[in-house]
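Everything below concerns the one structure shown next.
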Amino acid sequence: MYKLSDYTVVVRGKDYIIHNTLYGNMVRVTGTEEKEYIDSIDELLVAEEALDNNEFLQLLIDMKFIVDENTNEQNIVNLRYLEYEKRTLNVIIIPTRQCNFDCPYCYEKHVNLFMEKDTYHNVIEMLVKIINTYAYSSVNIGWFGGEPTLEIDNICSFMNTLRARLNNRIAVYGQMTSNGYLLNYTNLKRLVDAGISSYQITIDGLKITHDKTRVLKGNQPSWVHIINNLCNAKKSKLKFKIVIRTNFTKEMIKYANEWFDYLKNEFLSDKRFKLYFEAVKDLGGADKTYKFGEGEGKQVADLLKLATDKELFPSTYQSWLDGFGMVCYAGKTNSLVVDYDGTLRKCTVILEDPINNVGKVGQNGKFIINEQSFSWWTTYEKQSECLSCKIYPLCYGKKCPACYPEKNYCNNLIDTYYGILGAMSNLYKTSEEQI
């Protein structure tokens with residue numbers, strides 16, 4: 001006997017999109033007869049003989065949209081998550097709390113606090129100990145801030161020293177979240193040579209909107225300078241990936257059409273550049289003018305449709321459909337944030353909250369983890385509805401506990417998920433993905 005997989009999702013439109021969030025398979029159904037089979041799938045599975053010699057239904061079984069009725073898929077999700085967290089150690093490092101920007105929607109307090117050279121050394125030694133102890137196959141270092149490019153000399157030294165200490169035994173990947181203002185060709189080359197090949201740079205649309213929300217200290221504009229840096233990067237032969245992120249405010253929405261056209265013409269023909277966007281959330285800070293507030297999930301879904309209508313698709317969102325792609329980084333046991341003073345944290349948003357202090361880096365790599373604080377982020381009890389949710393294999397019920405009181409958090413995830421599926425349905429061009 002068979003059953004529809006607990007994690008099979010069917011999106012019905014002119015064509016049907018079938019996606020399984022556990023096994024990752026996705027197809028587009030165009031045939032009238034096949035759609036009728038989908039609409040009556042429960043009755044067909046009860047009448048087991050209907051499966052005999054039916055190529056379409058057999059294909060659904062082979063792709064695990066339909067599974068044996070005795071399959072415990074929650075156990076499979078749990079097993080896969082345990083394996084998932086063993087692979088890569090993810091470390092976000094905040095080399096400075098200072099920033100050269102003064103964005104009105106920013107939730108951070110920027111102060112002149114920088115990581116000392118001894119702390120850089122101690123963090124390297126800690127990472128070597130952790131990697132050796134837990135046998136990670138790779139480590140991903142994400143540079144955050146403040147603005148990390150203010151510490152470019154120390155960052156390059158750190159990356160080169162870490163790779164040398166690991167003797168190239170495991171892969172070391174470098175990422176950076178930057179405002180892009182100091183990322184001229186010379187600095188970009190230095191960072192790429194040091195192993196930092198992936199970047200997220202925020203540009204809030206065209207000059208008319210960007211220069212209202214992404215401003216230098218003193219309220220000076222930044223759009224022309226950042227675009228010039230990106231154009232120089234595009235002209236180069238450097239091997240990098242730059243995700244151009246846009247934080248959509250209610251005003252920005254009005255210019256989305258023109259902004260996507262600009263990106264398509266100027267950057268996205270180069271495969272090194274990718275598109276990503278978010279609706280501005282209220283993550284703190286006094287100025288609420290630019291916060292989008294509730295319903296950002298639906299807003300992102302609408303923007304996804306607009307982007308794919310222009311034959312653009314933010315690949316970052318596609319990765320959300322990978323196993324555990326929607327899990328908040330703060331809820332992962334293989335993820336740490338290292339603050340400028342060596343304090344170990346889990347989240348980059350609520351930096352000063354006492355619950356976000358989970359440990360400390362000591363001399364020569366010794367470190368202390370507060371298990372009570374750490375477990376608050378990683379092992380809290382899930383709500384019962386999480387276990388029966390269709391996207392459980394994507395988010396694993398690991399809503400960031402700091403965001404847990406937010407009543408619309410799950411709804412926003414689900415809205416975004418269906419928005420991704422709807423947008424991806426516009427991308428299917430060949431019969432290979434169609435049945």
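Chain labels run A, B, ... following the order of the structure tokens; each chain numbers its residues from 1, and ligands are numbered from 1 in the order shown.
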
| message | Going by DSSP on the backbone, which residues of range 286-362 of chain A come out as alpha helix (DSSP H)? List them as a ChimeraX atom specification. | response | /A:296-309,315-319

| request: Enumerate, as an MDAnalysis selection string, the complete set of residues in range 72-149 of chain A that a backbone-based DSSP assignment places in strand (DSSP E). | output: chainID A and resid 88:93 138:143

| said: Ranking A:Leu57, A:Ile420, A:Ser373, A:Val123 by minimum distance to Ser40 in chain A and counting only C-alpha atoms, which one comes first? | reply: A:Leu57

List as CSV every residue of range 165-218 of chain A that is in contact with range 241-265 of chain A, defined as an atom at most 12 Å from one of its atoms (using only C-alpha atoms), together with the nearest atom pair and the distance in Å rounded to one decimal, sorted by chain and then rising number.
```
residue,atom,partner,partner_atom,distance
A:Gly174,CA,A:Lys241,CA,11.0
A:Gln175,CA,A:Lys241,CA,9.4
A:Met176,CA,A:Ile242,CA,9.5
A:Thr177,CA,A:Val243,CA,9.5
A:Ser178,CA,A:Ile242,CA,10.4
A:Asn179,CA,A:Arg245,CA,10.0
A:Gly180,CA,A:Ile244,CA,10.0
A:Leu183,CA,A:Ile242,CA,11.3
A:Leu188,CA,A:Ile242,CA,10.9
A:Val192,CA,A:Lys241,CA,10.1
A:Ile196,CA,A:Lys241,CA,9.6
A:Ser197,CA,A:Lys241,CA,6.2
A:Ser198,CA,A:Lys241,CA,4.7
A:Tyr199,CA,A:Ile242,CA,4.7
A:Gln200,CA,A:Val243,CA,4.7
A:Ile201,CA,A:Ile244,CA,5.2
A:Thr202,CA,A:Arg245,CA,4.5
A:Ile203,CA,A:Thr246,CA,5.3
A:Asp204,CA,A:Thr246,CA,4.8
A:Gly205,CA,A:Trp259,CA,5.5
A:Leu206,CA,A:Trp259,CA,6.1
A:Lys207,CA,A:Trp259,CA,9.9
A:Ile208,CA,A:Tyr255,CA,9.3
A:Thr209,CA,A:Met252,CA,6.4
A:His210,CA,A:Met252,CA,8.7
A:Asp211,CA,A:Met252,CA,11.6
A:Lys212,CA,A:Met252,CA,10.4
A:Thr213,CA,A:Asn247,CA,9.3
A:Arg214,CA,A:Asn247,CA,10.0
```

| field | Atomic distance CA of Ala194 in chain A - CA of Phe144 in chain A, expressed in Å with one decimal | value |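 It comes out at 16.2 Å.
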
Spatial neighbours of Asn229 in chain A, max dist 7 Å, only C-alpha atoms, sep filter under 2 positions, as a compact mmCIF listing (two decimals) with N, CA and C atoms, in the first residue's frame:
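The result, stored in out_4.txt:
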```txt
# COMPACT_ATOMS: atom_id res chain seq x y z
N LEU A 183 34.88 48.50 -1.56
CA LEU A 183 35.23 47.31 -2.31
C LEU A 183 35.64 47.68 -3.74
N ASN A 184 36.68 48.52 -3.84
CA ASN A 184 37.22 48.84 -5.15
C ASN A 184 38.00 47.65 -5.69
N TYR A 185 38.51 47.75 -6.91
CA TYR A 185 39.17 46.60 -7.53
C TYR A 185 40.35 46.11 -6.69
N HIS A 225 29.18 55.67 -6.22
CA HIS A 225 30.46 55.08 -5.85
C HIS A 225 30.37 53.55 -5.82
N ILE A 226 29.32 53.00 -5.24
CA ILE A 226 29.17 51.54 -5.16
C ILE A 226 28.97 50.94 -6.54
N ILE A 227 28.13 51.56 -7.36
CA ILE A 227 27.91 51.06 -8.71
C ILE A 227 29.21 51.07 -9.50
N CYS A 231 30.91 47.89 -11.29
CA CYS A 231 31.26 47.90 -12.72
C CYS A 231 32.72 47.51 -12.92
N ASN A 232 33.61 47.98 -12.06
CA ASN A 232 35.02 47.61 -12.15
C ASN A 232 35.22 46.13 -11.85
N ALA A 233 34.44 45.61 -10.91
CA ALA A 233 34.51 44.18 -10.62
C ALA A 233 34.06 43.38 -11.83
```

| Contacts of Phe114 in chain A at 8 Å (only C-alpha atoms; same-chain gap of 4+ positions) as a list of chain:residue names |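 The residues that qualify are A:Pro95, A:Thr96, A:Arg97, A:Gln98, A:Tyr340, A:Asp341.
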
Would you output that residue set with C-alpha atoms, as an mmCIF file, in the first residue's frame?
```
data_model
loop_
_atom_site.group_PDB
_atom_site.id
_atom_site.type_symbol
_atom_site.label_atom_id
_atom_site.label_comp_id
_atom_site.auth_asym_id
_atom_site.auth_seq_id
_atom_site.Cartn_x
_atom_site.Cartn_y
_atom_site.Cartn_z
ATOM 1 C CA PRO A 95 35.844 42.281 13.245
ATOM 2 C CA THR A 96 34.380 45.669 14.099
ATOM 3 C CA ARG A 97 31.169 47.247 15.352
ATOM 4 C CA GLN A 98 31.981 50.437 13.441
ATOM 5 C CA TYR A 340 35.017 41.671 18.109
ATOM 6 C CA ASP A 341 36.022 40.956 21.754
#
```

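As for CA of Pro314 in chain A and CA of Ile17 in chain A, they are spaced 18.6 Å apart.
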
| task | With a distance cut-off of 8 Å and only C-alpha atoms, select the neighbouring residues of Asp270 in chain A, excluding the residue or stretch itself and same-chain residues fewer than 3 positions from it, and output the selection as a list in words. | result | Lys234, Phe267 and Phe273 of chain A

Atoms kept (N, CA and C atoms) for selection, written as a compact mmCIF listing (two decimals), in the first residue's frame:
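Contents of again.txt, as written:
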```txt
# COMPACT_ATOMS: atom_id res chain seq x y z
N LYS A 234 33.02 43.83 -12.48
CA LYS A 234 32.51 43.14 -13.66
C LYS A 234 33.54 43.13 -14.79
N PHE A 267 24.20 44.06 -14.89
CA PHE A 267 25.01 43.10 -14.13
C PHE A 267 24.64 41.63 -14.31
N PHE A 273 27.27 37.60 -10.90
CA PHE A 273 26.35 38.46 -10.15
C PHE A 273 25.00 37.76 -10.01
```

| said: For a quick check of understanding, using only C-alpha atoms, which of A:Arg12, A:Lys332, A:Phe367, A:Tyr276 has the smallest distance to Tyr380 in chain A? | reply: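 Closest candidate: A:Lys332.
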
| query | Near range 215-221 of chain A, counting only C-alpha atoms, which residues have an atom at most 7 Å away, once you skip same-chain residues fewer than 6 positions from it, shown as a ChimeraX atom specification? | reply | /A:100-103

Could you write those residues out with C-alpha atoms, as a CSV table (one decimal), in the first residue's frame?
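selection31.csv, written as the output of this step:
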```
chain,number,residue,atom,x,y,z
A,100,ASN,CA,31.1,54.1,7.5
A,101,PHE,CA,27.3,54.2,6.8
A,102,ASP,CA,24.4,55.5,8.8
A,103,CYS,CA,21.4,53.8,7.3
```

| Nearby residues (only C-alpha atoms) at most 9 Å from Gln299 in chain A, same-chain spacing under 2 positions excluded, as an MDAnalysis selection string | chainID A and resid 278:279 295:297 301:304 415:416

| field | Minimum-distance residue to Glu83 in chain A, chosen among A:Asn112, A:Thr343, A:Asn334, A:Thr186 (using only C-alpha atoms) | value |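 Counting only C-alpha atoms, the residue closest to Glu83 in chain A is A:Asn334.
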
| task | Go through A:Ala423, A:Tyr396, A:Lys346, A:Ile414 and flag the residue nearest Leu312 in chain A, using only C-alpha atoms for the distances. | result | A:Ala423

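Remark: for Ser335 in chain A, the closest of the candidate residues A:Leu113, A:Lys64, A:Asp52, A:Phe374 is A:Phe374 (distances computed over only C-alpha atoms).
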